[in-house]
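**Q** Sharing run36.cif below, mmCIF, C-alpha atoms:
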```
data_structure
#
loop_
_atom_site.label_atom_id
_atom_site.label_comp_id
_atom_site.auth_asym_id
_atom_site.auth_seq_id
_atom_site.Cartn_x
_atom_site.Cartn_y
_atom_site.Cartn_z
CA MET A 1 -7.01 38.97 -4.29
CA ILE A 2 -7.96 37.43 -7.63
CA ILE A 3 -5.36 34.75 -7.05
CA THR A 4 -6.81 33.89 -3.64
CA ILE A 5 -10.34 33.68 -5.06
CA LEU A 6 -9.16 31.49 -7.93
CA SER A 7 -7.32 29.12 -5.61
CA VAL A 8 -10.28 28.92 -3.24
CA LEU A 9 -12.53 28.09 -6.20
CA LEU A 10 -10.18 25.33 -7.37
CA ILE A 11 -9.74 23.80 -3.91
CA GLY A 12 -13.51 24.09 -3.30
CA ALA A 13 -14.26 22.29 -6.57
CA GLY A 14 -11.74 19.63 -5.53
CA THR A 15 -13.49 19.06 -2.20
CA VAL A 16 -16.87 18.83 -4.00
CA PHE A 17 -15.48 16.04 -6.17
CA PHE A 18 -13.97 14.40 -3.07
CA LEU A 19 -17.44 14.45 -1.51
CA GLY A 20 -18.86 12.93 -4.69
CA ALA A 21 -16.30 10.16 -4.57
CA ALA A 22 -17.07 9.45 -0.92
CA VAL A 23 -20.84 9.40 -1.53
CA GLY A 24 -20.37 7.13 -4.54
CA LEU A 25 -18.19 4.79 -2.52
CA VAL A 26 -20.97 4.35 0.03
CA ARG A 27 -24.06 4.52 -2.18
CA PHE A 28 -23.17 2.62 -5.36
CA PRO A 29 -24.47 -0.94 -5.56
CA ASP A 30 -21.47 -3.19 -6.27
CA PHE A 31 -17.69 -3.48 -6.29
CA TYR A 32 -17.10 -2.18 -9.83
CA THR A 33 -19.21 0.95 -9.62
CA ARG A 34 -17.80 1.79 -6.21
CA THR A 35 -14.21 1.46 -7.43
CA HIS A 36 -15.15 3.54 -10.45
CA ALA A 37 -16.53 6.35 -8.27
CA ALA A 38 -13.57 6.31 -5.89
CA GLY A 39 -10.98 6.18 -8.68
CA LYS A 40 -12.42 8.93 -10.87
CA GLY A 41 -13.40 11.25 -8.04
CA ASP A 42 -10.11 10.87 -6.19
CA THR A 43 -7.96 11.56 -9.24
CA LEU A 44 -9.81 14.65 -10.40
CA SER A 45 -10.23 16.13 -6.93
CA SER A 46 -6.59 15.60 -6.00
CA LEU A 47 -5.53 17.31 -9.21
CA LEU A 48 -7.89 20.24 -8.59
CA VAL A 49 -6.71 20.69 -5.00
CA ILE A 50 -3.04 20.59 -6.00
CA LEU A 51 -3.73 23.04 -8.82
CA GLY A 52 -5.36 25.30 -6.23
CA TYR A 53 -2.19 25.09 -4.10
CA CYS A 54 -0.10 26.00 -7.16
CA VAL A 55 -2.22 29.08 -7.84
CA TYR A 56 -2.10 30.05 -4.16
CA GLN A 57 1.70 29.92 -4.22
CA LEU A 58 1.70 32.69 -6.84
CA LYS A 59 0.25 35.09 -4.25
CA ASP A 60 3.66 36.34 -3.12
CA PHE A 61 5.23 36.34 -6.57
CA GLU A 62 6.93 39.64 -7.35
CA SER A 63 9.77 39.19 -9.78
CA PHE A 64 11.53 36.22 -11.26
CA GLY A 65 14.88 37.18 -9.75
CA GLU A 66 13.59 37.43 -6.18
CA SER A 67 10.84 34.86 -5.88
CA TRP A 68 12.12 31.95 -7.95
CA PRO A 69 11.83 29.56 -4.95
CA ILE A 70 8.04 29.86 -5.35
CA LEU A 71 8.36 28.49 -8.87
CA LEU A 72 10.36 25.60 -7.43
CA VAL A 73 7.51 24.79 -5.03
CA ILE A 74 5.02 24.96 -7.93
CA LEU A 75 7.24 22.65 -9.98
CA LYS A 76 7.27 20.11 -7.14
CA LEU A 77 3.47 20.34 -6.77
CA LEU A 78 3.04 19.81 -10.51
CA GLY A 79 5.36 16.82 -10.25
CA ILE A 80 3.12 15.34 -7.57
CA SER A 81 0.04 15.95 -9.73
CA VAL A 82 1.63 14.19 -12.71
CA PHE A 83 2.48 11.27 -10.42
CA ILE A 84 -1.13 11.09 -9.21
CA LEU A 85 -2.45 11.41 -12.78
CA ILE A 86 -0.41 8.36 -13.81
CA THR A 87 -0.65 6.13 -10.76
CA SER A 88 -4.19 6.65 -9.43
CA PRO A 89 -6.06 5.39 -12.54
CA THR A 90 -3.59 2.52 -12.81
CA SER A 91 -4.23 1.38 -9.27
CA THR A 92 -7.98 1.61 -9.86
CA HIS A 93 -7.54 -0.49 -12.98
CA ALA A 94 -5.43 -3.05 -11.11
CA LEU A 95 -8.06 -3.27 -8.38
CA MET A 96 -10.89 -3.79 -10.90
CA ASP A 97 -8.81 -6.31 -12.83
CA ALA A 98 -8.10 -8.26 -9.65
CA GLY A 99 -11.83 -8.24 -8.85
CA TRP A 100 -12.68 -9.50 -12.32
CA GLU A 101 -10.05 -12.23 -12.12
CA ASP A 102 -11.42 -13.19 -8.72
CA LYS A 103 -14.92 -13.48 -10.30
CA VAL A 104 -16.62 -10.75 -8.25
CA GLU A 105 -20.21 -10.60 -9.50
CA PRO A 106 -21.46 -7.20 -10.69
CA THR A 107 -25.02 -6.24 -9.77
CA ILE A 108 -27.35 -6.33 -12.79
CA GLN A 109 -30.88 -4.96 -12.48
CA GLU A 110 -33.93 -6.95 -13.52
CA GLY A 111 -34.81 -6.53 -17.16
CA HIS A 112 -31.37 -5.34 -18.24
CA PRO A 113 -29.34 -7.46 -20.66
CA ASN A 114 -26.54 -9.47 -19.09
CA HIS A 115 -23.46 -9.48 -21.30
CA LEU A 116 -21.25 -11.08 -18.71
CA ASN A 117 -21.28 -14.55 -20.18
CA ASP A 118 -21.00 -13.43 -23.83
CA ASP A 119 -17.23 -13.17 -23.86
CA SER A 120 -16.26 -14.92 -20.67
CA GLY A 121 -13.82 -17.11 -22.60
CA LYS A 122 -11.73 -14.13 -23.66
CA PHE A 123 -10.80 -13.02 -20.19
CA MET B 1 -6.12 -24.76 25.89
CA LEU B 2 -3.90 -24.63 28.96
CA SER B 3 -1.17 -22.80 27.02
CA LYS B 4 -3.73 -20.18 26.01
CA VAL B 5 -4.64 -19.61 29.66
CA PHE B 6 -0.98 -19.16 30.57
CA ALA B 7 -0.40 -16.85 27.61
CA THR B 8 -3.39 -14.70 28.56
CA LEU B 9 -2.21 -14.63 32.17
CA ALA B 10 1.30 -13.56 31.13
CA VAL B 11 -0.06 -10.83 28.82
CA VAL B 12 -2.45 -9.50 31.48
CA ILE B 13 0.23 -9.42 34.20
CA THR B 14 2.87 -7.77 32.00
CA GLY B 15 0.32 -5.35 30.63
CA SER B 16 -0.86 -4.25 34.06
CA ILE B 17 2.74 -3.80 35.25
CA LEU B 18 3.42 -1.60 32.20
CA LEU B 19 0.23 0.40 32.75
CA TYR B 20 1.17 0.82 36.41
CA GLY B 21 4.55 2.17 35.31
CA VAL B 22 2.88 4.73 33.01
CA THR B 23 1.30 6.45 36.02
CA ASP B 24 4.78 7.55 37.19
CA PHE B 25 5.60 9.22 33.86
CA PRO B 26 5.86 13.00 33.71
CA ALA B 27 3.00 14.67 31.83
CA PHE B 28 3.36 15.01 28.06
CA GLY B 29 5.47 18.09 27.26
CA ASP B 30 6.18 18.81 30.93
CA PRO B 31 9.04 21.35 30.97
CA LYS B 32 10.14 20.12 34.41
CA SER B 33 10.53 16.47 33.41
CA PRO B 34 14.12 15.14 33.54
CA ALA B 35 14.20 14.67 29.77
CA SER B 36 13.51 18.37 29.13
CA ALA B 37 15.10 20.09 32.13
CA GLY B 38 17.83 17.67 33.17
CA VAL B 39 18.53 16.43 36.65
CA PRO B 40 19.78 18.91 39.28
CA GLY B 41 23.46 19.65 38.80
CA SER B 42 23.75 18.71 35.14
CA GLU B 43 22.51 20.12 31.89
CA SER B 44 19.63 18.48 30.06
CA VAL B 45 20.51 16.29 27.10
CA SER B 46 17.77 17.56 24.80
CA GLN B 47 18.68 21.15 25.60
CA TYR B 48 22.28 20.34 24.62
CA PHE B 49 21.19 18.76 21.32
CA ILE B 50 19.00 21.72 20.42
CA THR B 51 21.59 24.38 21.12
CA GLU B 52 24.87 22.68 20.21
CA SER B 53 24.24 20.08 17.50
CA TYR B 54 24.60 22.46 14.56
CA GLY B 55 27.92 23.73 15.91
CA ASP B 56 29.14 20.19 16.56
CA THR B 57 28.17 18.61 13.26
CA LYS B 58 27.14 21.33 10.76
CA VAL B 59 24.03 19.26 10.05
CA PRO B 60 20.84 21.35 9.99
CA ASN B 61 18.59 18.34 10.54
CA LEU B 62 18.73 17.79 14.30
CA VAL B 63 17.11 14.37 14.08
CA THR B 64 19.75 13.02 11.72
CA SER B 65 22.63 14.36 13.82
CA VAL B 66 21.22 12.65 16.92
CA LEU B 67 20.41 9.45 15.04
CA ALA B 68 23.63 9.04 13.07
CA ASP B 69 26.21 10.75 15.28
CA TYR B 70 25.35 11.16 18.97
CA ARG B 71 23.52 7.83 18.98
CA GLY B 72 25.33 6.24 16.07
CA TYR B 73 26.00 3.07 18.04
CA ASP B 74 22.25 2.56 18.53
CA THR B 75 21.50 3.13 14.84
CA MET B 76 24.23 0.72 13.77
CA PHE B 77 22.63 -2.08 15.72
CA GLU B 78 19.18 -1.08 14.47
CA THR B 79 20.56 -1.81 11.02
CA VAL B 80 21.89 -5.11 12.32
CA VAL B 81 18.39 -5.90 13.64
CA ILE B 82 16.95 -5.35 10.15
CA PHE B 83 19.69 -7.54 8.71
CA ALA B 84 18.92 -10.22 11.30
CA ALA B 85 15.21 -10.07 10.41
CA GLY B 86 16.08 -10.64 6.76
CA MET B 87 18.38 -13.53 7.63
CA ALA B 88 15.68 -15.06 9.83
CA ILE B 89 13.18 -14.91 6.96
CA PHE B 90 15.84 -16.47 4.75
CA ALA B 91 16.61 -19.23 7.24
CA ILE B 92 12.96 -20.11 7.89
CA LEU B 93 11.43 -19.81 4.42
CA ARG B 94 14.07 -20.30 1.76
CA VAL B 95 13.84 -23.63 -0.04
CA VAL B 96 16.97 -24.61 -1.96
CA GLY B 97 17.57 -27.37 -4.46
CA ASP B 98 15.56 -28.72 -7.41
CA GLU B 99 17.25 -26.24 -9.76
CA LYS B 100 16.44 -28.08 -12.98
CA ASP B 101 12.73 -27.98 -12.35
CA SER B 102 12.70 -24.30 -11.43
CA ARG B 103 14.56 -23.33 -14.61
CA LYS B 104 12.00 -25.13 -16.73
CA LYS B 105 9.14 -23.37 -14.98
CA ARG B 106 10.66 -19.92 -15.45
CA VAL B 107 10.64 -20.25 -19.25
CA GLU B 108 6.99 -21.26 -19.26
CA GLU B 109 5.96 -18.32 -17.13
CA ASN B 110 7.73 -15.70 -19.18
CA THR B 111 5.93 -16.73 -22.35
CA PHE B 112 2.67 -16.67 -20.46
CA THR B 113 2.96 -13.21 -18.96
CA ASN B 114 4.16 -11.56 -22.17
CA GLY B 115 0.85 -12.23 -23.88
CA ASP B 116 -1.32 -11.21 -20.94
CA HIS B 117 -3.13 -8.10 -22.12
CA SER B 118 -4.38 -7.06 -18.69
CA ARG B 119 -0.81 -6.47 -17.50
CA ILE B 120 0.01 -3.96 -20.23
CA ILE B 121 -1.48 -0.99 -18.37
CA VAL B 122 0.07 -1.81 -15.02
CA GLY B 123 3.39 -2.81 -16.60
CA THR B 124 3.69 0.37 -18.65
CA THR B 125 2.84 2.60 -15.71
CA CYS B 126 5.40 0.88 -13.53
CA ARG B 127 8.03 1.17 -16.25
CA ILE B 128 7.43 4.92 -16.29
CA VAL B 129 7.18 5.37 -12.53
CA VAL B 130 9.92 3.08 -11.18
CA PRO B 131 12.91 5.21 -12.38
CA VAL B 132 11.32 8.31 -10.83
CA ILE B 133 10.79 6.46 -7.55
CA GLN B 134 14.39 5.26 -7.53
CA LEU B 135 15.71 8.76 -8.25
CA PHE B 136 13.56 10.13 -5.44
CA ALA B 137 14.88 7.41 -3.13
CA LEU B 138 18.45 8.42 -3.88
CA TYR B 139 17.51 12.04 -3.19
CA VAL B 140 15.98 11.09 0.16
CA ILE B 141 19.14 9.17 1.11
CA ALA B 142 21.59 11.82 -0.04
CA HIS B 143 19.62 14.75 1.40
CA GLY B 144 18.86 13.03 4.71
CA HIS B 145 21.01 15.36 6.80
CA HIS B 146 19.43 18.52 5.36
CA SER B 147 15.76 17.59 5.15
CA PRO B 148 13.51 14.86 6.52
CA GLY B 149 14.68 11.50 5.28
CA GLY B 150 17.79 9.40 5.51
CA GLY B 151 18.99 5.87 5.05
CA PHE B 152 16.01 4.01 6.48
CA GLN B 153 13.37 6.00 4.57
CA GLY B 154 15.29 6.14 1.31
CA GLY B 155 16.16 2.46 1.58
CA VAL B 156 12.51 1.54 2.04
CA ILE B 157 11.54 3.60 -1.03
CA LEU B 158 14.30 1.98 -3.09
CA GLY B 159 13.28 -1.48 -1.91
CA ALA B 160 9.63 -0.68 -2.70
CA SER B 161 10.59 0.22 -6.26
CA PHE B 162 11.94 -3.29 -6.75
CA ILE B 163 8.80 -4.73 -5.16
CA ILE B 164 6.67 -2.71 -7.61
CA LEU B 165 8.75 -4.15 -10.43
CA ALA B 166 8.08 -7.65 -9.13
CA LEU B 167 4.36 -6.97 -8.64
CA SER B 168 3.75 -5.37 -12.02
CA ASP B 169 5.60 -7.82 -14.20
CA HIS B 170 6.92 -10.92 -12.51
CA LEU B 171 9.29 -11.76 -9.71
CA ASN B 172 11.91 -12.85 -12.22
CA ALA B 173 11.92 -9.39 -13.79
CA ALA B 174 13.01 -7.97 -10.46
CA LEU B 175 15.35 -10.86 -9.66
CA ARG B 176 17.10 -10.38 -12.99
CA ARG B 177 18.08 -6.87 -11.90
CA PHE B 178 18.57 -7.61 -8.20
CA SER B 179 19.42 -11.27 -7.83
CA GLU B 180 19.46 -13.24 -4.62
CA LYS B 181 23.26 -13.26 -4.58
CA SER B 182 23.52 -9.50 -5.03
CA TYR B 183 20.93 -8.58 -2.43
CA THR B 184 22.55 -10.81 0.15
CA ILE B 185 25.94 -9.26 -0.57
CA ILE B 186 24.53 -5.72 -0.51
CA ALA B 187 22.81 -6.34 2.82
CA VAL B 188 26.15 -7.36 4.36
CA VAL B 189 28.09 -4.58 2.64
CA GLY B 190 25.72 -1.97 4.10
CA ILE B 191 26.50 -2.99 7.67
CA LEU B 192 30.22 -3.26 6.86
CA ILE B 193 30.20 0.32 5.51
CA TYR B 194 28.65 1.50 8.76
CA ALA B 195 31.06 -0.51 10.93
CA ALA B 196 34.02 0.60 8.81
CA PHE B 197 33.41 4.23 9.79
CA GLY B 198 33.56 3.15 13.43
CA VAL B 199 36.63 0.96 13.06
CA VAL B 200 38.58 3.56 11.07
CA ALA B 201 37.82 6.12 13.78
CA GLN B 202 39.13 3.62 16.34
CA LEU B 203 42.31 3.05 14.33
CA LEU B 204 42.92 6.80 14.30
CA GLY B 205 42.81 6.82 18.08
CA ALA B 206 39.26 7.97 18.89
CA ASN B 207 36.21 6.14 20.15
CA PHE B 208 34.17 3.80 17.97
CA LEU B 209 32.03 5.89 15.55
CA ASP B 210 33.65 9.17 16.69
CA TYR B 211 33.64 10.70 13.21
CA GLY B 212 35.58 13.87 14.08
CA VAL B 213 38.98 12.21 13.68
CA LEU B 214 38.19 11.19 10.09
CA GLN B 215 38.94 14.75 9.03
CA PRO B 216 42.32 14.00 7.30
CA LEU B 217 40.78 11.10 5.37
CA LEU B 218 37.76 13.08 4.15
CA PHE B 219 39.78 16.24 3.27
CA THR B 220 37.41 18.57 5.15
CA ASP B 221 37.99 21.92 6.82
CA GLY B 222 37.33 20.79 10.36
CA PRO B 223 36.02 17.91 12.45
CA GLU B 224 32.48 19.30 12.11
CA MET B 225 32.35 18.79 8.34
CA ALA B 226 33.98 15.39 8.79
CA ARG B 227 31.05 14.43 11.04
CA SER B 228 28.58 15.71 8.43
CA HIS B 229 30.18 13.70 5.61
CA SER B 230 30.53 10.59 7.75
CA MET B 231 26.83 10.79 8.54
CA LEU B 232 26.11 10.71 4.81
CA GLY B 233 28.36 7.67 4.43
CA VAL B 234 26.68 5.91 7.32
CA GLU B 235 23.23 6.67 5.89
CA ILE B 236 24.30 5.13 2.58
CA GLY B 237 25.32 1.99 4.46
CA VAL B 238 21.92 1.86 6.19
CA ALA B 239 20.18 2.36 2.84
CA PHE B 240 22.09 -0.58 1.31
CA THR B 241 20.96 -2.95 4.04
CA VAL B 242 17.36 -1.72 4.19
CA THR B 243 16.90 -1.89 0.40
CA ALA B 244 18.27 -5.40 0.17
CA ILE B 245 16.34 -6.74 3.16
CA MET B 246 13.05 -5.13 2.06
CA PHE B 247 13.25 -6.85 -1.28
CA ALA B 248 14.52 -10.11 0.23
CA ILE B 249 11.58 -10.28 2.64
CA TYR B 250 9.09 -9.65 -0.17
CA ALA B 251 10.69 -12.18 -2.52
CA ASN B 252 10.83 -14.91 0.11
CA LEU B 253 7.39 -14.29 1.59
CA SER B 254 5.51 -14.01 -1.71
CA THR B 255 6.91 -17.27 -3.05
CA ARG B 256 7.16 -19.23 0.23
CA GLY B 257 10.92 -19.35 -0.17
CA LEU B 258 10.99 -20.81 -3.68
CA LEU B 259 11.94 -17.54 -5.39
CA ARG B 260 9.94 -18.53 -8.45
CA ASN B 261 6.37 -18.18 -9.77
CA GLY B 262 5.74 -15.06 -7.67
CA LEU B 263 2.29 -13.62 -7.16
#
```
Would it be possible to restate this file's structure as structure tokens?
**A**
Amino acid sequence: MIITILSVLLIGAGTVFFLGAAVGLVRFPDFYTRTHAAGKGDTLSSLLVILGYCVYQLKDFESFGESWPILLVILKLLGISVFILITSPTSTHALMDAGWEDKVEPTIQEGHPNHLNDDSGKF
Amino acid sequence: MLSKVFATLAVVITGSILLYGVTDFPAFGDPKSPASAGVPGSESVSQYFITESYGDTKVPNLVTSVLADYRGYDTMFETVVIFAAGMAIFAILRVVGDEKDSRKKRVEENTFTNGDHSRIIVGTTCRIVVPVIQLFALYVIAHGHHSPGGGFQGGVILGASFIILALSDHLNAALRRFSEKSYTIIAVVGILIYAAFGVVAQLLGANFLDYGVLQPLLFTDGPEMARSHSMLGVEIGVAFTVTAIMFAIYANLSTRGLLRNGL
């Protein structure tokens, strides 16, 4: 029972972050902030959902001798989460970097300092 | 303009003939359709596959046993189609000659990319991830007759790992490990492996690709296990061709056939 509640909480938190990522993707003003919202939200929510699956797998766990296949499933899920943890931020970075190289203009509000041209030579 | 009118006319006519043909199809999942129930007087093919394929081949994955054994002839020529696609790309796009110039350019590029700080993150991640992807690809190929997967899927994953290598660093980094000569040879060898299983079966007196007679060569208990092992061999052949052609298509398309500079 506790395990079910815990997994539901984790998966629910994951979906909340998914929703946040989706809202950010639609509502944020320019390319960089949108990519930022999608990248961060997607990574964290995927990890939370997969962690919820891992916890849910433990529901039928009785003894190590009998239910070791469950541990195998959890190991595979954790492998997927490590893969997401490495690759998802990297792809977000590559996307942002490509945008920057392609000179996509960020939105800067009136009255805020514009540092874009300060170090343009370095990039 | 006139050619466009004729093209539209041809598309519309063929499309309406095809749509007209659809109306004669049995409903989706209809148990009385010939594919599911068979024609009167003979047993249905799908029923036979479902009930007998494990006994015939000792392969738990029904899809693989149909793909690589019952319809092995079809799959062999599917592999040939992929090979032909790769050769067509090669014939249309590949530009040969001017070797001196290309060698000079390669040196310049390598010094340039090594100092590019923005590639450190992507490059490091790919260095970590590519071996895992390749190991997983080998697992998909080798486990294709027990779980979803097989030569086509595993070959695509393996080819994608080389494409990731080329994308993250530089095309030359991938070409150094998987050169044009080796991928062309591997693409041919894959088909030859597949055809060899068929020809050896013929030499032993059975039909082309009838794996059961390979039993004495594979040292198995019965013709069923010989079929299972031959399916693995055939899948490896498919994986060879698909891997090589996947990477060949990427390398030729991304450089317009020059095989240098890259993206």
**Q** Would you list the residues near (21.0, -4.2, 0.2), meaning any protein, DNA or RNA residue with an atom at most 6 Å from that point in file coordinates, counting all atoms listed in the file, as a PDB file with C-alpha atoms, keeping the file's coordinate frame?
**A**
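Result file result21.pdb:
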```
ATOM      1  CA  TYR B 183      20.930  -8.580  -2.430  1.00  0.00           C
ATOM      2  CA  ILE B 186      24.530  -5.720  -0.510  1.00  0.00           C
ATOM      3  CA  ALA B 187      22.810  -6.340   2.820  1.00  0.00           C
ATOM      4  CA  PHE B 240      22.090  -0.580   1.310  1.00  0.00           C
ATOM      5  CA  THR B 241      20.960  -2.950   4.040  1.00  0.00           C
ATOM      6  CA  VAL B 242      17.360  -1.720   4.190  1.00  0.00           C
ATOM      7  CA  THR B 243      16.900  -1.890   0.400  1.00  0.00           C
ATOM      8  CA  ALA B 244      18.270  -5.400   0.170  1.00  0.00           C
TER       9      ALA B 244
END
```
**Q** Excluding Leu48 of chain A and residues on its chain fewer than 2 positions from it, collect all residues at most 6 Å away from it, counting all atoms listed in the file, and give them as a short mmCIF file (atom, residue, chain, number, x, y, z; two decimals) with C-alpha atoms, in the frame of the given file.
**A**
```
data_model
loop_
_atom_site.label_atom_id
_atom_site.label_comp_id
_atom_site.auth_asym_id
_atom_site.auth_seq_id
_atom_site.Cartn_x
_atom_site.Cartn_y
_atom_site.Cartn_z
CA LEU A 10 -10.18 25.33 -7.37
CA GLY A 14 -11.74 19.63 -5.53
CA SER A 45 -10.23 16.13 -6.93
CA SER A 46 -6.59 15.60 -6.00
CA ILE A 50 -3.04 20.59 -6.00
CA LEU A 51 -3.73 23.04 -8.82
#
```
**Q** Using only C-alpha atoms and a distance of at most 10 Å, pull out the residues of chain A that contact chain B, as a list in words.
**A**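 Those within range of chain B come out as Phe83, Ile86, Thr87, Pro89, Thr90, Ser91, His93, Ala94, Asp97, Ala98 and Phe123 of chain A.
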**Q** Find, counting only C-alpha atoms, the residue in B:Leu135, B:Ile245, B:Leu204, B:Val11 that gets nearest to Val81 of chain B.
**A** B:Ile245
**Q** Run the PyMOL selection byres ((chain B and resi 54-65) around 7) against the file shown and list the residues it catches, as an MDAnalysis selection string.
**A** chainID B and resid 52:53 66:70 145:147 224:225 227:228
**Q** Extract, using only C-alpha atoms, all DNA, RNA and protein residues at most 9 Å from Ser88 of chain A, discarding same-chain residues fewer than 3 positions from it, and format them as number ranges by chain.
**A** A: 39-40, 42-43, 83-85, 91-93
